[in-house]
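Here's the structure we're looking at; comments come further down.
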Amino acid sequence: MAAPLLSAALRGARGGRSFGTAAVLWKRAAPLGPMPNEDVDVGNLEELQRYRSFARYLRQVERAGREPRWWNTYRKHSDPPAEPQTDIGLPRERLSRAEELKERKRILRENRQNAEMERAARLRTVLIPLDEVRAEWERTSGPFHKQRVAKHCGVFRDLFKGATFTPWVALRVQYSQEDEHLVPVYYGNMVTPSEASSPPAVSYEADKGSLWTLLLTNPDGHLRDADSEYLHWLVTNIPGSDIKAGKEMCHYLPPFPAMGTGYHRFIFLLFKQHSPIDFSQDARPTPCYSLKMRTFSTFDFYRKHKDAMTPAGLAFFQCQWDSSVTSTFHQLLNMREPVFEFVRPPPYHPPQVKFPRHQPLRYLDRYRDTQEPTYGIY
Amino acid sequence: GVRFASTTASLRTETEVDTSENEVVAPNFTNRNPRNLEQMALARKERGWKTTWPKREFWHRLRLERTQHYVEAFVERSNGDVVVSASTREWAIKRHLYSPKGVAACRNLGRVISQRCLEAGINFVNFKAIIPWEHRCDSIQEFEKAVKEGGVVLHEPRRIYR
């Protein structure tokens, strides 16, 4: 009998090697959870609520597809379930919710009584002021949205090994160019290395007498070790929001993503200090162009000083190679420029079978070590 | 005199020691950035799901949800994770609108979400998950026009296979 016995398959877990098999499904047993559509009463179909429109059905389908199920799904296989994340950020300052709601309701009531707004909405000419919307968004739901985008760009996974924080402080970073043009850094936009060649103008709201630390790191660009980052800029003990008055532990080095490696993330982190901290261990010599000295780990750095500072602001940009990187490698880092090429992972083929069914002759080509194609040669 | 010569000599040896190790580079480079492959158009799109609709062959998709009371727009990945979202439920948008539903709301929502997408670095977005007969509605047409004018391209580049 080629079919493995159910008991043999289950015994595999105890001693000897176990193997995956569908033998469990050959035995009839109760399902491990509720079956779909079990809650629908098929007895009186006339009383069931109908969808009446495809849009309503589609919305329900999309929502049901996102729910976790007890049977194995592709979603469970591709994304592992998220572990509970530790929050290392500042606590949220909640103002009086009742007063906020009262104020908002008053504004909405005024809007609804405003005849001009009603006319503009009816004639579809209303255009909301985007900069005011953005300013209000930065104060209300901005930190949550930035945290979400940062999580999807893998910032927390690579810098803090999974611990997250909500960037309550809005960090405004702008690179100024020669023609008075400003290139802002938001949460993930593209900036070229030639635009980022000089230190940017950083501004944020800070109380008088508070101390901050600003850090620019590149978790993707390390040329020797994939798990460590390069430190591009470290300014510590900044009083208020005056970057120039802070102590620059590591001077600014322009980004140098190597050719062929694609897009690198350059992450600005703003830490709020509770007291003046001694960063002498992290001080780099003033012209520091040694990549070994610039090798950095944000996790170890934060763990060393975690009692005295908390992350409060976040901004990052994506950067790709351009011609100014060549001059950075040759002049500043004094090395030959490395050039990489994208190597595709080898294609997957299932284990070879002695009598393949319905396969073309090139089936043998897939498993041969040498390159001897059996087609296209005549 | 002698001291001067020795200081210059020591400075030179410092810079030599500093940058001589820069040349050592590992032959294999790993880029941990999860957005790298999709920005280079090399990442895989989920090509299955051909017998169902909407398909999942995209890196980012723009989904507009119009309910009775609000309008919401989400930019999400094929596994369902929302990356950027905008909704008339948010106070920042609601306070400037007369009504949080309707054509004017859709148009302004389009402007806001295109601004947020560009800030997040999402320049190409798939906008195929709309029901064909609903696509002709004024609100969805205005939304699409506003997103296009905002600078986001509504079709994703083809993946590079070779």
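Labeling convention for the structure tokens: chains A, B, ... as they appear, residues from 1 per chain, ligands from 1 in order of appearance.
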- [ ] Give me, as a ChimeraX atom specification, the contact residues of chain A against chain B at a cut-off of 8 Å, counting only C-alpha atoms.
- [x] /A:55,66,75,104,107-108,111-112,117-118,121-122,124-128,130,133-134,136-137,140-141,145,148-149,152-154,186-190,219-221,223-226,261-265,288-292,318,333-336,338,340
Task: DSSP strand (DSSP E) selection over range 144-296 of chain A, as an NGL selection string - done: :A and (172-176 or 182-185 or 187-190 or 201-203 or 211-218 or 229-239 or 247-250 or 264-273 or 295-296)
Open item on the list: Just the number, please: distance in Å from CA of Gly162 in chain A to CA of Pro311 in chain A, one decimal.
Closed with: 14.0 Å
Every residue of chain B that DSSP places in helix (DSSP H, G or I), as a CSV table (one decimal) with all heavy atoms, in the first residue's frame:
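Printed below is selection-v8.csv as written:
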chain,number,residue,atom,x,y,z
B,2,VAL,N,61.8,69.9,14.1
B,2,VAL,CA,61.6,68.4,14.1
B,2,VAL,C,60.2,68.1,14.5
B,2,VAL,O,59.5,67.2,13.9
B,2,VAL,CB,62.6,67.8,15.1
B,2,VAL,CG1,62.3,66.3,15.3
B,2,VAL,CG2,64.0,68.0,14.6
B,3,ARG,N,59.7,68.9,15.4
B,3,ARG,CA,58.3,68.6,15.9
B,3,ARG,C,57.3,68.8,14.8
B,3,ARG,O,56.4,68.0,14.6
B,3,ARG,CB,58.0,69.6,17.1
B,3,ARG,CG,57.1,68.9,18.1
B,3,ARG,CD,56.7,69.9,19.2
B,3,ARG,NE,57.8,70.3,20.0
B,3,ARG,CZ,57.9,71.4,20.6
B,3,ARG,NH1,57.0,72.3,20.5
B,3,ARG,NH2,59.0,71.7,21.3
B,4,PHE,N,57.6,69.9,14.0
B,4,PHE,CA,56.6,70.1,12.9
B,4,PHE,C,56.6,69.0,11.9
B,4,PHE,O,55.5,68.5,11.5
B,4,PHE,CB,57.1,71.5,12.2
B,4,PHE,CG,56.1,71.9,11.1
B,4,PHE,CD1,54.8,72.3,11.4
B,4,PHE,CD2,56.6,71.8,9.8
B,4,PHE,CE1,54.0,72.6,10.4
B,4,PHE,CE2,55.7,72.2,8.8
B,4,PHE,CZ,54.4,72.6,9.1
B,5,ALA,N,57.8,68.5,11.6
B,5,ALA,CA,57.9,67.3,10.7
B,5,ALA,C,57.1,66.1,11.2
B,5,ALA,O,56.4,65.4,10.5
B,5,ALA,CB,59.3,67.0,10.3
B,6,SER,N,57.3,65.9,12.6
B,6,SER,CA,56.7,64.7,13.1
B,6,SER,C,55.2,64.8,13.1
B,6,SER,O,54.5,63.8,12.9
B,6,SER,CB,57.2,64.4,14.5
B,6,SER,OG,56.9,65.5,15.4
B,7,THR,N,54.7,66.0,13.4
B,7,THR,CA,53.2,66.1,13.4
B,7,THR,C,52.6,65.9,12.0
B,7,THR,O,51.6,65.2,11.9
B,7,THR,CB,52.7,67.5,13.9
B,7,THR,OG1,53.5,68.5,13.3
B,7,THR,CG2,52.7,67.6,15.4
B,8,THR,N,53.3,66.4,11.0
B,8,THR,CA,52.7,66.1,9.7
B,8,THR,C,52.8,64.7,9.3
B,8,THR,O,51.9,64.1,8.8
B,8,THR,CB,53.5,66.9,8.6
B,8,THR,OG1,54.9,66.8,8.8
B,8,THR,CG2,53.1,68.4,8.6
B,9,ALA,N,53.9,64.0,9.8
B,9,ALA,CA,54.1,62.6,9.5
B,9,ALA,C,53.0,61.8,10.2
B,9,ALA,O,52.4,60.9,9.6
B,9,ALA,CB,55.5,62.1,9.9
B,10,SER,N,52.7,62.1,11.4
B,10,SER,CA,51.7,61.3,12.2
B,10,SER,C,50.3,61.6,11.5
B,10,SER,O,49.5,60.6,11.4
B,10,SER,CB,51.6,61.7,13.6
B,10,SER,OG,51.3,63.1,13.8
B,11,LEU,N,50.0,62.8,11.1
B,11,LEU,CA,48.7,63.1,10.4
B,11,LEU,C,48.5,62.2,9.2
B,11,LEU,O,47.5,61.6,8.9
B,11,LEU,CB,48.6,64.5,10.0
B,11,LEU,CG,48.0,65.5,11.0
B,11,LEU,CD1,48.1,66.9,10.6
B,11,LEU,CD2,46.5,65.2,11.3
B,12,ARG,N,49.6,62.1,8.4
B,12,ARG,CA,49.5,61.3,7.2
B,12,ARG,C,49.3,59.9,7.5
B,12,ARG,O,48.4,59.2,6.9
B,12,ARG,CB,50.8,61.5,6.4
B,12,ARG,CG,50.6,61.6,4.9
B,12,ARG,CD,51.9,61.6,4.1
B,12,ARG,NE,52.8,62.6,4.6
B,12,ARG,CZ,54.1,62.4,4.9
B,12,ARG,NH1,54.6,61.2,4.7
B,12,ARG,NH2,54.8,63.4,5.3
B,13,THR,N,49.9,59.3,8.5
B,13,THR,CA,49.7,57.9,8.9
B,13,THR,C,48.3,57.7,9.4
B,13,THR,O,47.7,56.7,9.1
B,13,THR,CB,50.7,57.4,9.9
B,13,THR,OG1,50.8,58.4,10.9
B,13,THR,CG2,52.1,57.2,9.3
B,14,GLU,N,47.7,58.7,10.1
B,14,GLU,CA,46.4,58.5,10.6
B,14,GLU,C,45.4,58.4,9.4
B,14,GLU,O,44.5,57.5,9.4
B,14,GLU,CB,46.0,59.8,11.4
B,14,GLU,CG,45.8,59.5,12.9
B,14,GLU,CD,45.4,60.8,13.6
B,14,GLU,OE1,44.3,61.3,13.2
B,14,GLU,OE2,46.1,61.2,14.5
B,15,THR,N,45.5,59.3,8.4
B,15,THR,CA,44.5,59.2,7.3
B,15,THR,C,44.8,57.9,6.5
B,15,THR,O,43.8,57.3,6.0
B,15,THR,CB,44.7,60.4,6.3
B,15,THR,OG1,46.1,60.7,6.1
B,15,THR,CG2,44.0,61.6,6.9
B,16,GLU,N,46.0,57.5,6.4
B,16,GLU,CA,46.3,56.2,5.7
B,16,GLU,C,45.6,55.1,6.4
B,16,GLU,O,44.9,54.2,5.8
B,16,GLU,CB,47.8,55.9,5.6
B,16,GLU,CG,48.4,56.6,4.4
B,16,GLU,CD,49.9,56.5,4.5
B,16,GLU,OE1,50.4,55.6,5.2
B,16,GLU,OE2,50.6,57.4,3.9
B,17,VAL,N,45.8,55.0,7.7
B,17,VAL,CA,45.1,53.9,8.5
B,17,VAL,C,43.6,54.0,8.4
B,17,VAL,O,42.9,53.0,8.2
B,17,VAL,CB,45.6,54.0,9.9
B,17,VAL,CG1,44.6,53.2,10.8
B,17,VAL,CG2,47.0,53.4,10.1
B,18,ASP,N,43.1,55.2,8.4
B,18,ASP,CA,41.7,55.5,8.4
B,18,ASP,C,41.0,54.9,7.1
B,18,ASP,O,40.1,54.1,7.2
B,18,ASP,CB,41.4,57.0,8.4
B,18,ASP,CG,41.1,57.4,9.8
B,18,ASP,OD1,41.0,56.6,10.7
B,18,ASP,OD2,41.0,58.7,9.9
B,19,THR,N,41.5,55.3,6.0
B,19,THR,CA,40.8,54.9,4.7
B,19,THR,C,41.3,53.7,4.0
B,19,THR,O,40.8,53.3,3.0
B,19,THR,CB,40.8,56.1,3.8
B,19,THR,OG1,42.2,56.5,3.5
B,19,THR,CG2,40.1,57.3,4.4
B,20,SER,N,42.4,53.1,4.5
B,20,SER,CA,43.0,52.0,3.7
B,20,SER,C,42.0,50.8,3.8
B,20,SER,O,42.0,50.0,2.9
B,20,SER,CB,44.4,51.6,4.2
B,20,SER,OG,44.2,51.2,5.6
B,21,GLU,N,41.3,50.7,4.9
B,21,GLU,CA,40.4,49.5,5.1
B,21,GLU,C,39.1,49.7,4.3
B,21,GLU,O,38.4,48.7,4.2
B,21,GLU,CB,40.1,49.3,6.5
B,21,GLU,CG,41.2,48.8,7.3
B,21,GLU,CD,40.8,48.2,8.7
B,21,GLU,OE1,39.7,47.6,8.7
B,21,GLU,OE2,41.5,48.5,9.7
B,22,ASN,N,38.9,50.9,3.8
B,22,ASN,CA,37.7,51.1,3.0
B,22,ASN,C,37.6,50.3,1.8
B,22,ASN,O,36.5,49.9,1.3
B,22,ASN,CB,37.6,52.6,2.5
B,22,ASN,CG,37.3,53.5,3.7
B,22,ASN,OD1,37.0,53.1,4.8
B,22,ASN,ND2,37.3,54.8,3.5
B,23,GLU,N,38.8,49.9,1.2
B,23,GLU,CA,38.8,49.1,0.0
B,23,GLU,C,38.2,47.7,0.1
B,23,GLU,O,37.8,47.1,-0.8
B,23,GLU,CB,40.2,49.0,-0.5
B,23,GLU,CG,40.8,50.3,-1.0
B,23,GLU,CD,40.7,50.5,-2.5
B,23,GLU,OE1,40.4,49.5,-3.2
B,23,GLU,OE2,40.8,51.7,-2.9
B,36,ASN,N,13.0,48.3,-2.0
B,36,ASN,CA,14.0,48.4,-3.1
B,36,ASN,C,13.5,47.7,-4.4
B,36,ASN,O,13.6,48.2,-5.5
B,36,ASN,CB,15.3,47.8,-2.6
B,36,ASN,CG,16.3,47.9,-3.6
B,36,ASN,OD1,16.4,48.8,-4.4
B,36,ASN,ND2,17.2,46.8,-3.7
B,37,LEU,N,13.1,46.4,-4.3
B,37,LEU,CA,12.8,45.6,-5.5
B,37,LEU,C,11.7,46.2,-6.2
B,37,LEU,O,11.6,46.2,-7.4
B,37,LEU,CB,12.6,44.2,-5.1
B,37,LEU,CG,13.8,43.3,-4.7
B,37,LEU,CD1,13.4,41.9,-4.3
B,37,LEU,CD2,14.8,43.3,-5.8
B,38,GLU,N,10.6,46.7,-5.5
B,38,GLU,CA,9.5,47.1,-6.2
B,38,GLU,C,9.8,48.5,-6.8
B,38,GLU,O,9.2,48.8,-7.9
B,38,GLU,CB,8.3,47.2,-5.3
B,38,GLU,CG,8.1,48.5,-4.6
B,38,GLU,CD,7.3,48.5,-3.4
B,38,GLU,OE1,7.0,47.4,-2.8
B,38,GLU,OE2,6.9,49.6,-2.9
B,39,GLN,N,10.7,49.3,-6.3
B,39,GLN,CA,11.0,50.6,-6.9
B,39,GLN,C,11.9,50.3,-8.1
B,39,GLN,O,11.9,51.2,-9.0
B,39,GLN,CB,11.7,51.5,-5.9
B,39,GLN,CG,10.8,52.1,-5.0
B,39,GLN,CD,11.5,53.0,-3.9
B,39,GLN,OE1,12.4,52.5,-3.2
B,39,GLN,NE2,11.1,54.2,-3.8
B,91,TRP,N,-10.3,64.7,11.0
B,91,TRP,CA,-10.7,66.1,11.3
B,91,TRP,C,-10.1,67.1,10.3
B,91,TRP,O,-10.6,68.1,9.9
B,91,TRP,CB,-10.4,66.4,12.7
B,91,TRP,CG,-10.6,67.8,13.1
B,91,TRP,CD1,-9.7,68.7,13.5
B,91,TRP,CD2,-11.9,68.5,13.1
B,91,TRP,NE1,-10.3,69.9,13.7
B,91,TRP,CE2,-11.6,69.8,13.4
B,91,TRP,CE3,-13.2,68.2,12.7
B,91,TRP,CZ2,-12.6,70.8,13.5
B,91,TRP,CZ3,-14.1,69.1,12.8
B,91,TRP,CH2,-13.9,70.4,13.2
B,92,ALA,N,-8.8,66.8,9.9
B,92,ALA,CA,-8.1,67.7,9.1
B,92,ALA,C,-8.8,68.0,7.8
B,92,ALA,O,-8.8,69.1,7.3
B,92,ALA,CB,-6.7,67.2,8.8
B,93,ILE,N,-9.5,67.0,7.3
B,93,ILE,CA,-10.2,67.1,6.0
B,93,ILE,C,-11.6,67.5,6.2
B,93,ILE,O,-12.2,68.3,5.5
B,93,ILE,CB,-10.1,65.8,5.2
B,93,ILE,CG1,-8.6,65.4,4.9
B,93,ILE,CG2,-10.8,66.0,3.9
B,93,ILE,CD1,-8.5,64.1,4.2
B,94,LYS,N,-12.2,67.0,7.3
B,94,LYS,CA,-13.7,67.2,7.5
B,94,LYS,C,-14.0,68.6,7.7
B,94,LYS,O,-15.0,69.1,7.3
B,94,LYS,CB,-14.1,66.3,8.7
B,94,LYS,CG,-15.5,66.2,8.8
B,94,LYS,CD,-16.0,65.0,9.7
B,94,LYS,CE,-15.3,64.8,11.0
B,94,LYS,NZ,-16.1,63.9,11.8
B,103,VAL,N,-19.4,64.5,-4.6
B,103,VAL,CA,-18.4,64.7,-5.6
B,103,VAL,C,-17.3,65.6,-5.1
B,103,VAL,O,-16.1,65.4,-5.4
B,103,VAL,CB,-19.0,65.2,-6.9
B,103,VAL,CG1,-18.0,65.4,-8.0
B,103,VAL,CG2,-20.1,64.3,-7.3
B,104,ALA,N,-17.7,66.7,-4.5
B,104,ALA,CA,-16.7,67.7,-4.0
B,104,ALA,C,-15.7,67.0,-3.0
B,104,ALA,O,-14.5,67.2,-3.0
B,104,ALA,CB,-17.4,68.9,-3.4
B,105,ALA,N,-16.3,66.1,-2.1
B,105,ALA,CA,-15.4,65.4,-1.2
B,105,ALA,C,-14.5,64.5,-1.9
B,105,ALA,O,-13.3,64.4,-1.5
B,105,ALA,CB,-16.3,64.7,-0.2
B,106,CYS,N,-15.0,63.8,-2.9
B,106,CYS,CA,-14.1,62.8,-3.6
B,106,CYS,C,-12.9,63.6,-4.3
B,106,CYS,O,-11.8,63.1,-4.3
B,106,CYS,CB,-14.9,62.1,-4.7
B,106,CYS,SG,-15.9,60.8,-4.0
B,107,ARG,N,-13.3,64.7,-4.9
B,107,ARG,CA,-12.3,65.5,-5.6
B,107,ARG,C,-11.2,65.9,-4.6
B,107,ARG,O,-10.0,65.8,-4.9
B,107,ARG,CB,-12.9,66.7,-6.2
B,107,ARG,CG,-12.0,67.5,-7.1
B,107,ARG,CD,-12.8,68.6,-7.8
B,107,ARG,NE,-11.9,69.5,-8.5
B,107,ARG,CZ,-12.2,70.7,-8.8
B,107,ARG,NH1,-13.4,71.2,-8.5
B,107,ARG,NH2,-11.4,71.5,-9.4
B,108,ASN,N,-11.6,66.5,-3.5
B,108,ASN,CA,-10.6,67.0,-2.5
B,108,ASN,C,-9.8,65.8,-1.9
B,108,ASN,O,-8.6,65.9,-1.6
B,108,ASN,CB,-11.2,67.8,-1.5
B,108,ASN,CG,-11.7,69.2,-2.0
B,108,ASN,OD1,-10.8,69.9,-2.4
B,108,ASN,ND2,-13.0,69.4,-2.1
B,109,LEU,N,-10.5,64.7,-1.7
B,109,LEU,CA,-9.8,63.5,-1.2
B,109,LEU,C,-8.7,63.1,-2.1
B,109,LEU,O,-7.6,62.6,-1.7
B,109,LEU,CB,-10.8,62.4,-0.9
B,109,LEU,CG,-10.3,61.3,-0.1
B,109,LEU,CD1,-10.3,61.7,1.4
B,109,LEU,CD2,-11.2,60.1,-0.2
B,110,GLY,N,-9.0,63.2,-3.4
B,110,GLY,CA,-8.0,62.8,-4.4
B,110,GLY,C,-6.8,63.7,-4.4
B,110,GLY,O,-5.7,63.2,-4.4
B,111,ARG,N,-7.0,65.0,-4.2
B,111,ARG,CA,-5.9,65.9,-4.0
B,111,ARG,C,-5.0,65.5,-2.8
B,111,ARG,O,-3.8,65.5,-2.8
B,111,ARG,CB,-6.3,67.3,-3.9
B,111,ARG,CG,-7.0,67.8,-5.2
B,111,ARG,CD,-7.7,69.1,-5.0
B,111,ARG,NE,-6.8,70.2,-4.8
B,111,ARG,CZ,-6.9,71.2,-3.9
B,111,ARG,NH1,-7.9,71.3,-3.1
B,111,ARG,NH2,-6.0,72.2,-3.9
B,112,VAL,N,-5.7,65.2,-1.7
B,112,VAL,CA,-5.0,65.0,-0.5
B,112,VAL,C,-4.2,63.7,-0.6
B,112,VAL,O,-3.1,63.6,-0.2
B,112,VAL,CB,-6.0,64.9,0.7
B,112,VAL,CG1,-5.3,64.4,2.0
B,112,VAL,CG2,-6.5,66.3,1.0
B,113,ILE,N,-4.9,62.6,-1.1
B,113,ILE,CA,-4.2,61.3,-1.1
B,113,ILE,C,-3.0,61.3,-2.1
B,113,ILE,O,-2.0,60.7,-1.9
B,113,ILE,CB,-5.1,60.1,-1.4
B,113,ILE,CG1,-4.4,58.9,-1.0
B,113,ILE,CG2,-5.7,60.0,-2.7
B,113,ILE,CD1,-5.1,57.9,-0.3
B,114,SER,N,-3.1,62.1,-3.2
B,114,SER,CA,-2.0,62.2,-4.1
B,114,SER,C,-0.8,62.9,-3.5
B,114,SER,O,0.3,62.5,-3.6
B,114,SER,CB,-2.4,62.8,-5.4
B,114,SER,OG,-2.7,64.2,-5.2
B,115,GLN,N,-1.1,63.9,-2.7
B,115,GLN,CA,0.0,64.6,-1.9
B,115,GLN,C,0.7,63.6,-1.0
B,115,GLN,O,1.9,63.5,-0.9
B,115,GLN,CB,-0.6,65.8,-1.2
B,115,GLN,CG,0.5,66.7,-0.5
B,115,GLN,CD,-0.2,67.6,0.5
B,115,GLN,OE1,-1.1,67.2,1.2
B,115,GLN,NE2,0.3,68.8,0.5
B,116,ARG,N,-0.2,62.8,-0.2
B,116,ARG,CA,0.4,61.9,0.8
B,116,ARG,C,1.2,60.8,0.1
B,116,ARG,O,2.2,60.3,0.6
B,116,ARG,CB,-0.7,61.3,1.6
B,116,ARG,CG,-1.3,62.4,2.6
B,116,ARG,CD,-2.3,61.8,3.5
B,116,ARG,NE,-3.0,62.8,4.2
B,116,ARG,CZ,-4.0,62.6,5.0
B,116,ARG,NH1,-4.4,61.4,5.3
B,116,ARG,NH2,-4.6,63.6,5.6
B,117,CYS,N,0.7,60.3,-1.1
B,117,CYS,CA,1.4,59.3,-1.8
B,117,CYS,C,2.8,59.7,-2.3
B,117,CYS,O,3.8,59.0,-2.1
B,117,CYS,CB,0.6,58.8,-3.0
B,117,CYS,SG,-0.6,57.7,-2.7
B,118,LEU,N,2.8,61.0,-2.8
B,118,LEU,CA,4.1,61.5,-3.2
B,118,LEU,C,5.1,61.7,-2.1
B,118,LEU,O,6.3,61.4,-2.2
B,118,LEU,CB,3.9,62.8,-4.0
B,118,LEU,CG,3.2,62.7,-5.3
B,118,LEU,CD1,3.0,64.1,-5.9
B,118,LEU,CD2,3.9,61.8,-6.3
B,119,GLU,N,4.5,62.1,-0.9
B,119,GLU,CA,5.4,62.2,0.3
B,119,GLU,C,5.9,60.9,0.7
B,119,GLU,O,7.1,60.8,1.2
B,119,GLU,CB,4.6,62.9,1.4
B,119,GLU,CG,4.4,64.4,1.2
B,119,GLU,CD,3.5,65.0,2.3
B,119,GLU,OE1,3.2,64.3,3.3
B,119,GLU,OE2,3.2,66.1,2.2
B,138,ASP,N,-19.7,60.5,-11.6
B,138,ASP,CA,-19.0,61.8,-11.5
B,138,ASP,C,-18.0,61.8,-10.4
B,138,ASP,O,-16.8,62.3,-10.5
B,138,ASP,CB,-20.0,62.9,-11.2
B,138,ASP,CG,-20.8,63.3,-12.4
B,138,ASP,OD1,-20.3,62.9,-13.5
B,138,ASP,OD2,-21.8,64.0,-12.3
B,139,SER,N,-18.3,61.2,-9.2
B,139,SER,CA,-17.4,61.3,-8.1
B,139,SER,C,-16.1,60.5,-8.4
B,139,SER,O,-15.0,61.0,-8.1
B,139,SER,CB,-18.0,60.8,-6.8
B,139,SER,OG,-18.7,59.5,-7.0
B,140,ILE,N,-16.2,59.3,-9.0
B,140,ILE,CA,-15.0,58.6,-9.2
B,140,ILE,C,-14.2,59.2,-10.3
B,140,ILE,O,-12.9,59.2,-10.3
B,140,ILE,CB,-15.3,57.1,-9.5
B,140,ILE,CG1,-16.0,56.5,-8.3
B,140,ILE,CG2,-14.1,56.3,-9.9
B,140,ILE,CD1,-16.2,55.0,-8.3
B,141,GLN,N,-14.9,59.8,-11.3
B,141,GLN,CA,-14.1,60.5,-12.4
B,141,GLN,C,-13.4,61.7,-11.8
B,141,GLN,O,-12.2,61.9,-12.2
B,141,GLN,CB,-15.1,61.0,-13.5
B,141,GLN,CG,-15.9,59.9,-14.1
B,141,GLN,CD,-15.3,59.5,-15.5
B,141,GLN,OE1,-14.9,60.3,-16.2
B,141,GLN,NE2,-15.2,58.2,-15.7
B,142,GLU,N,-14.0,62.4,-11.0
B,142,GLU,CA,-13.3,63.6,-10.4
B,142,GLU,C,-12.2,63.2,-9.5
B,142,GLU,O,-11.1,63.8,-9.5
B,142,GLU,CB,-14.3,64.4,-9.5
B,142,GLU,CG,-15.4,65.1,-10.3
B,142,GLU,CD,-15.0,66.4,-10.9
B,142,GLU,OE1,-14.2,67.1,-10.2
B,142,GLU,OE2,-15.3,66.7,-12.0
B,143,PHE,N,-12.4,62.1,-8.7
B,143,PHE,CA,-11.3,61.6,-7.9
B,143,PHE,C,-10.1,61.2,-8.7
B,143,PHE,O,-9.0,61.5,-8.4
B,143,PHE,CB,-11.8,60.3,-7.1
B,143,PHE,CG,-10.8,59.7,-6.2
B,143,PHE,CD1,-10.5,60.2,-5.0
B,143,PHE,CD2,-10.2,58.5,-6.7
B,143,PHE,CE1,-9.6,59.5,-4.2
B,143,PHE,CE2,-9.3,57.8,-5.9
B,143,PHE,CZ,-9.0,58.4,-4.6
B,144,GLU,N,-10.4,60.4,-9.9
B,144,GLU,CA,-9.3,60.0,-10.7
B,144,GLU,C,-8.5,61.2,-11.3
B,144,GLU,O,-7.3,61.2,-11.4
B,144,GLU,CB,-9.9,59.1,-11.8
B,144,GLU,CG,-8.8,58.3,-12.6
B,144,GLU,CD,-9.5,57.4,-13.6
B,144,GLU,OE1,-10.7,57.1,-13.5
B,144,GLU,OE2,-8.7,57.1,-14.5
B,145,LYS,N,-9.3,62.2,-11.8
B,145,LYS,CA,-8.7,63.4,-12.4
B,145,LYS,C,-7.8,64.1,-11.3
B,145,LYS,O,-6.7,64.5,-11.6
B,145,LYS,CB,-9.8,64.3,-12.9
B,145,LYS,CG,-9.4,65.1,-14.1
B,145,LYS,CD,-10.6,65.7,-14.8
B,145,LYS,CE,-11.5,66.5,-14.0
B,145,LYS,NZ,-12.4,67.4,-14.7
B,146,ALA,N,-8.3,64.2,-10.1
B,146,ALA,CA,-7.6,64.9,-9.0
B,146,ALA,C,-6.3,64.2,-8.7
B,146,ALA,O,-5.2,64.8,-8.5
B,146,ALA,CB,-8.5,65.1,-7.8
B,147,VAL,N,-6.4,62.8,-8.7
B,147,VAL,CA,-5.1,62.1,-8.3
B,147,VAL,C,-4.1,62.2,-9.4
B,147,VAL,O,-2.9,62.4,-9.2
B,147,VAL,CB,-5.5,60.6,-8.1
B,147,VAL,CG1,-4.3,59.8,-7.9
B,147,VAL,CG2,-6.4,60.4,-6.9
B,148,LYS,N,-4.6,62.2,-10.7
B,148,LYS,CA,-3.7,62.3,-11.8
B,148,LYS,C,-3.0,63.7,-11.8
B,148,LYS,O,-1.8,63.9,-12.1
B,148,LYS,CB,-4.4,62.2,-13.1
B,148,LYS,CG,-4.3,60.8,-13.7
B,148,LYS,CD,-4.8,60.7,-15.1
B,148,LYS,CE,-5.9,59.6,-15.2
B,148,LYS,NZ,-6.6,59.6,-16.4
B,149,GLU,N,-3.8,64.7,-11.5
B,149,GLU,CA,-3.3,66.1,-11.5
B,149,GLU,C,-2.3,66.3,-10.3
B,149,GLU,O,-1.4,67.1,-10.4
B,149,GLU,CB,-4.4,67.1,-11.4
B,149,GLU,CG,-5.0,67.6,-12.7
B,149,GLU,CD,-6.3,68.2,-12.6
B,149,GLU,OE1,-6.6,68.8,-11.5
B,149,GLU,OE2,-7.1,68.0,-13.5
B,150,GLY,N,-2.5,65.5,-9.3
B,150,GLY,CA,-1.6,65.6,-8.1
B,150,GLY,C,-0.2,65.0,-8.4
B,150,GLY,O,0.7,65.3,-7.7
Task: One-decimal distance in Å that lies between CA of Asn237 in chain A and CA of Phe279 in chain A - done: 9.0 Å
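The space between CA of Ser323 in chain A and CA of Pro255 in chain A spans 11.8 Å.
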Need the shell around His155 in chain B: protein/DNA/RNA residues with any atom at most 8 Å away, counting only C-alpha atoms. Skip same-chain ones fewer than 5 positions apart. Format as a CSV table (one decimal) with C-alpha atoms, in the first residue's frame?
chain,number,residue,atom,x,y,z
B,124,PHE,CA,2.8,54.5,-9.3
B,125,VAL,CA,-0.4,53.0,-8.2
B,126,ASN,CA,-2.8,50.5,-9.6
B,127,PHE,CA,-6.4,51.8,-9.9
